[in-house]
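Participant: The following block contains the structure, expressed as structure tokens.
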Amino acid sequence: MGRLASRLAQGVLPGVFAPRRGAVDKSGPRSPTERGARREGVAREPDGAFHAFDPEQAGAASQGKRKTEQGLLGAAFAALKRARAKQLKKASRKKKAGAAHALDQNHLADDDTEDVVSRPMLKAWLRGDDPEEDTFGEVRREAKLLERMESQGASPSHILEELNGKLGGARGSQYKRMLSTEVRSHMDQLAERVGQVSTDERRRLASLVSRAVHQVGTQNAPTFDKLLVSTATAEAQHLAGSHASVTARAEEFTLALQRAASATYRATLVDKGRASIEKLAADAARAPAASLQLVLACMLRAAHLLPGPSVTTLADGFAAGWVSEPGRPASDALPQTLVPALRAEPGGAFWAVQLMLVFAGRGEAVLTQQLADGLHGLIREARQRCYPTLVELKAAGSPTARTAKTQELWRRLDETAVQVAEVLPTCGAIWALQERVPIALAVEALLALGALDGVGASAPGQRMLRAALLTQERNEWSFLNLVPQLAGALADPRVVPVLEDSGLVGAHYQNGGQVYLRRVATQTGRALIAPVVARSQRGEALAARLLMSSALYLNAELFGLSPEGAGIAVDLLDALRAKPNPAQARSYLARLEELGQRYPSGTGSVESLREFVVALTRRDPQAVKNQAPTRQEADDAPRLTALDVQAVQTTLLKEKQAQREALEQKQREAASKTRAQPGTRPPPRR
């Protein structure tokens, strides 16, 4: 503004401040007569006559003068803006031609050079925006806009649509955190109005709120908890009052869970809707077999969307409604109908396991055994379906060879591994609950988990591993936590022959299952690539680091690292993710190998992260798969066999033990020499 005033004063816009025609120059000297007349309150006419001073006339004249000056000043400002815009365009063209040459030839004045440097701020100023508005001011302005929309009668869904638009795009985590904190009270007020909106508006609101929770992340999700709980409670009350058929109510319940992808919303809907679930089970017990199968399929589909505790609540409510019906059919009707439903929806098999445990706790021994037999047959059928393709792939040679035969085998594996990939997480849960389930079912689940290293390489297997990693990120239980213990169980001499009879390679499960662990870790590292790279490309650096941290720390033993080594590896890989450089792939691989040697876990191998490192250097999820030079970079470092890895780890542990013992021996010798020096005397006794 100072520069603007100086330019106006210097006459940048000629004619603006020129004296008006006929105006009296007040700056010059006045005669004594005029000075005396002004002191006495009279004015002199041009002909020399004097008249009395009129205040109203003088005020009107001064007001008209101020209006004229304001109009002239506004025109001056507008003209100056146009002139500066022309100078800015001229300076920009000169800068493109060469900024250094333009400055050397004095083509730009000092003011023009400053304009070129602050070009974005000048553009914002010319548009009327505030170029000095910080993030906090922007957040406050957006929050006030949402409050103004509500005061003007906007619907809650329209307000959430506007909020999602603000949270989307390339907004950083700081902006999202500040905006979530700023609108928290507003969201709580919307939660109190949920009961006043229509059913369609409430369901639309639930989906929009879950979208907002996904965008702000888990750390800022509590902002929307009250609103999610209110919408889920209202939806549960609506479902409880429904008088539709049993199949229609089951489908409506599943659609309600699918509508909002929020764990808080879904858990609240199941907890508040327990009465409707019991009523649904009681009505299904009297329904025909076809209707019962549809209801069970809906329950399995719903269980696939829920976290573990909610699945247990769903199974407990359904079992309570089933056994409370006095006119329910024979006990074998439920298992006979559940097995076909499981074939259609194998992802919800964990609900069937929980249902079996609930019936066992209620003393329904016959029903429990029938459910266990049905699960046993389902798992056996799923694993035997994909084993022949795995055997053919092993006999075909290198799995990375791009021949027509191998491509056909991989396509066939993607088709046959769908069912077993969806059942494997349930098999992990069965193995974790082996003391509460029949032994035959636990052994069958263990044999199915033996194919995890081969199934994990298929497209369904990658989706399954990716879902397991995301489950770990949400601090929920995942079957990946059991993989090191599974390797030891698969190495049992009584289990290895059964695996060999099924067509699998028995050598993978010997020596503690080192080869099996390494293959599973490699597939897990591949599954980690896509979400981390996607978050990095969207600018979600913190979310990418949190996923890497949970994956490496919770599976440190699988990747051959101690917890301390996993923390160092996260810092190392996050630096590579922040500044990817394909030329640094080999150096980072070497540093990871060094970490594996310094912080070994005794199982697994850090070499399984090789493809993950290469993908981070290029930020391409398909880098290793699509580019031959990248595959060569991934294969440059020497590979170790399972026996070599075990030998190296044993040697390192022995070396550390020897160094520790040598240090303790030196300390003892130094202490004995200090006590036995001839020139020293013991301290006198007092």
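Simple scheme: letters A, B, ... for chains in structure tokens order, numbers from 1 for residues in each chain, numbers from 1 for ligands in the order shown.
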Using only C-alpha atoms, determine which residues lie at most 10 Å from Tyr387 (chain A), disregarding the query and same-chain residues fewer than 4 positions distant; provide the list as a list in words.

Facilitator: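 With the cut-off at 10 Å, the set is Ala382, Arg383, Val391, Glu392, Leu393, Leu413, Thr416, Ala417, Ala448, Ala451, Gly454, Val455, Ser502, Gly503 and Leu504 of chain A.
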
Participant: Please produce a file of the residues just selected, as a PDB file, in the first residue's frame, where the atoms kept are N, CA and C atoms.

Facilitator:
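Output file out07.pdb is given in full below:
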```pdb
ATOM      1  N   ALA A 382     -12.255 -76.943  -0.730  1.00  0.00           N
ATOM      2  CA  ALA A 382     -11.608 -75.729  -1.239  1.00  0.00           C
ATOM      3  C   ALA A 382     -10.125 -75.957  -1.491  1.00  0.00           C
ATOM      4  N   ARG A 383      -9.427 -76.610  -0.585  1.00  0.00           N
ATOM      5  CA  ARG A 383      -7.982 -76.786  -0.774  1.00  0.00           C
ATOM      6  C   ARG A 383      -7.673 -77.827  -1.842  1.00  0.00           C
ATOM      7  N   VAL A 391       0.532 -77.842  -8.246  1.00  0.00           N
ATOM      8  CA  VAL A 391       1.500 -78.880  -8.625  1.00  0.00           C
ATOM      9  C   VAL A 391       1.972 -78.676 -10.063  1.00  0.00           C
ATOM     10  N   GLU A 392       1.064 -78.321 -10.967  1.00  0.00           N
ATOM     11  CA  GLU A 392       1.447 -78.091 -12.363  1.00  0.00           C
ATOM     12  C   GLU A 392       2.348 -76.865 -12.501  1.00  0.00           C
ATOM     13  N   LEU A 393       2.088 -75.830 -11.724  1.00  0.00           N
ATOM     14  CA  LEU A 393       2.953 -74.650 -11.765  1.00  0.00           C
ATOM     15  C   LEU A 393       4.353 -74.977 -11.267  1.00  0.00           C
ATOM     16  N   LEU A 413      -5.190 -70.774 -11.850  1.00  0.00           N
ATOM     17  CA  LEU A 413      -5.034 -70.646 -10.400  1.00  0.00           C
ATOM     18  C   LEU A 413      -5.880 -69.497  -9.855  1.00  0.00           C
ATOM     19  N   THR A 416      -9.355 -71.037  -9.519  1.00  0.00           N
ATOM     20  CA  THR A 416      -9.546 -72.104  -8.528  1.00  0.00           C
ATOM     21  C   THR A 416      -9.196 -71.685  -7.107  1.00  0.00           C
ATOM     22  N   ALA A 417      -8.456 -70.589  -6.952  1.00  0.00           N
ATOM     23  CA  ALA A 417      -8.012 -70.174  -5.612  1.00  0.00           C
ATOM     24  C   ALA A 417      -8.969 -69.202  -4.943  1.00  0.00           C
ATOM     25  N   ALA A 448      -4.906 -76.695   5.127  1.00  0.00           N
ATOM     26  CA  ALA A 448      -5.254 -75.635   4.177  1.00  0.00           C
ATOM     27  C   ALA A 448      -4.286 -74.462   4.279  1.00  0.00           C
ATOM     28  N   ALA A 451      -1.000 -74.296   2.178  1.00  0.00           N
ATOM     29  CA  ALA A 451      -0.971 -73.819   0.793  1.00  0.00           C
ATOM     30  C   ALA A 451      -0.939 -72.303   0.708  1.00  0.00           C
ATOM     31  N   GLY A 454       1.619 -70.739  -1.788  1.00  0.00           N
ATOM     32  CA  GLY A 454       1.287 -70.823  -3.207  1.00  0.00           C
ATOM     33  C   GLY A 454       0.049 -70.026  -3.580  1.00  0.00           C
ATOM     34  N   VAL A 455      -0.971 -70.089  -2.728  1.00  0.00           N
ATOM     35  CA  VAL A 455      -2.206 -69.352  -3.009  1.00  0.00           C
ATOM     36  C   VAL A 455      -1.971 -67.849  -2.923  1.00  0.00           C
ATOM     37  N   SER A 502      -0.735 -84.595  -0.726  1.00  0.00           N
ATOM     38  CA  SER A 502      -1.643 -83.657  -1.385  1.00  0.00           C
ATOM     39  C   SER A 502      -1.036 -83.021  -2.626  1.00  0.00           C
ATOM     40  N   GLY A 503       0.264 -83.205  -2.839  1.00  0.00           N
ATOM     41  CA  GLY A 503       0.921 -82.645  -4.014  1.00  0.00           C
ATOM     42  C   GLY A 503       1.839 -81.483  -3.715  1.00  0.00           C
ATOM     43  N   LEU A 504       1.935 -81.056  -2.463  1.00  0.00           N
ATOM     44  CA  LEU A 504       2.817 -79.951  -2.118  1.00  0.00           C
ATOM     45  C   LEU A 504       4.242 -80.450  -1.930  1.00  0.00           C
TER      46      LEU A 504
END
```

Participant: Could you please write out, as a PyMOL selection string, every residue of region 425-611 of chain A that DSSP assigns to helix (DSSP H, G or I)?

Facilitator: chain A and resi 425-432+439-449+452-455+459-473+479-490+496-501+506-509+511-537+541-554+563-578+582-598+606-611

Participant: Identify which of the residues A:Ala671, A:Asn164, A:Ser550, A:Arg436 lies closest to Asn475 (chain A), counting only C-alpha atoms when measuring atom-to-atom distances.

Facilitator: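 Going through A:Ala671, A:Asn164, A:Ser550, A:Arg436 one by one, the smallest distance to Asn475 (chain A) is for A:Ser550.
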
Participant: When you draw a straight line from CA of Leu542 (chain A) to CA of Phe479 (chain A), how long is it in Å?

Facilitator: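 Computing the Euclidean distance for CA of Leu542 (chain A) and CA of Phe479 (chain A) yields 25.4 Å.
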
Participant: Of the residues A:Ala521, A:Ile159, A:Ala341, A:Ala267, which is the one nearest to Ala290 (chain A), using only C-alpha atoms?

Facilitator: A:Ala341

Participant: What does the distance between CA of Ala585 (chain A) and CA of Pro460 (chain A) come to in Å, to one decimal place?

Facilitator: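 According to the coordinates, CA of Ala585 (chain A) and CA of Pro460 (chain A) are separated by 28.5 Å.
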
Participant: Which one is closest to Glu473 (chain A): A:Ser291, A:Ser210, A:Ser549, A:Ser157? Count only C-alpha atoms.

Facilitator: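 For Glu473 (chain A), the nearest of the candidates is A:Ser549.
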
Participant: What lies within 12 Å of Ala457 (chain A) using only C-alpha atoms, ignoring chain neighbours under 3 positions off, as an MDAnalysis selection string?

Facilitator: chainID A and resid 390 393 399:400 410:411 413:414 417 421 451:454 460:466 519:527

Participant: What separation in Å, quoted to one decimal, exists between CA of Arg412 (chain A) and CA of Ala534 (chain A)?

Facilitator: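 Interatomic distance, CA of Arg412 (chain A) to CA of Ala534 (chain A): 28.0 Å.
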
Participant: Taking only C-alpha atoms into account, which of A:Gly512, A:Ala541, A:Gly363, A:Leu163 comes nearest Val496 (chain A)?

Facilitator: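 Checking each candidate against Val496 (chain A), we get A:Gly512 as the closest.
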
Participant: For each of A:Gln667, A:Thr247, A:Thr268, A:Ser310, take the minimum atom-to-atom distance to Pro288 (chain A), counting only C-alpha atoms, then give the residue where this is smallest.

Facilitator: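 For Pro288 (chain A), the nearest of the given residues is A:Thr247.
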
Participant: Show which residues sit within 12 Å of Ala530 (chain A), as a list in words. Count only C-alpha atoms, and ignore same-chain residues fewer than 5 positions away.

Facilitator: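 Here the qualifying residues turn out to be Gln462, Arg463, Leu465, Arg466, Ala467, Leu469, Leu470, Thr524, Gly525, Arg535, Ser536, Gln537, Ala544, Leu547, Met548, Glu611, Phe612, Ala615, Leu616, Arg619, Asp620, Pro621, Gln622 and Ala623 of chain A.
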
Participant: Counting only C-alpha atoms, which residue out of A:Leu409, A:Leu433, A:Lys226, A:Arg618 sits closest to Pro388 (chain A)?

Facilitator: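 Counting only C-alpha atoms, the residue closest to Pro388 (chain A) is A:Leu409.
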
Participant: Just the residues within 8 Å of Tyr265 (chain A), please, counting only C-alpha atoms, with nothing from its chain fewer than 5 positions along; format it as a list of chain:residue names.

Facilitator: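 Counting only the stated atoms, we get A:Leu228, A:Val229, A:Thr231, A:Ala232, A:Ala260.
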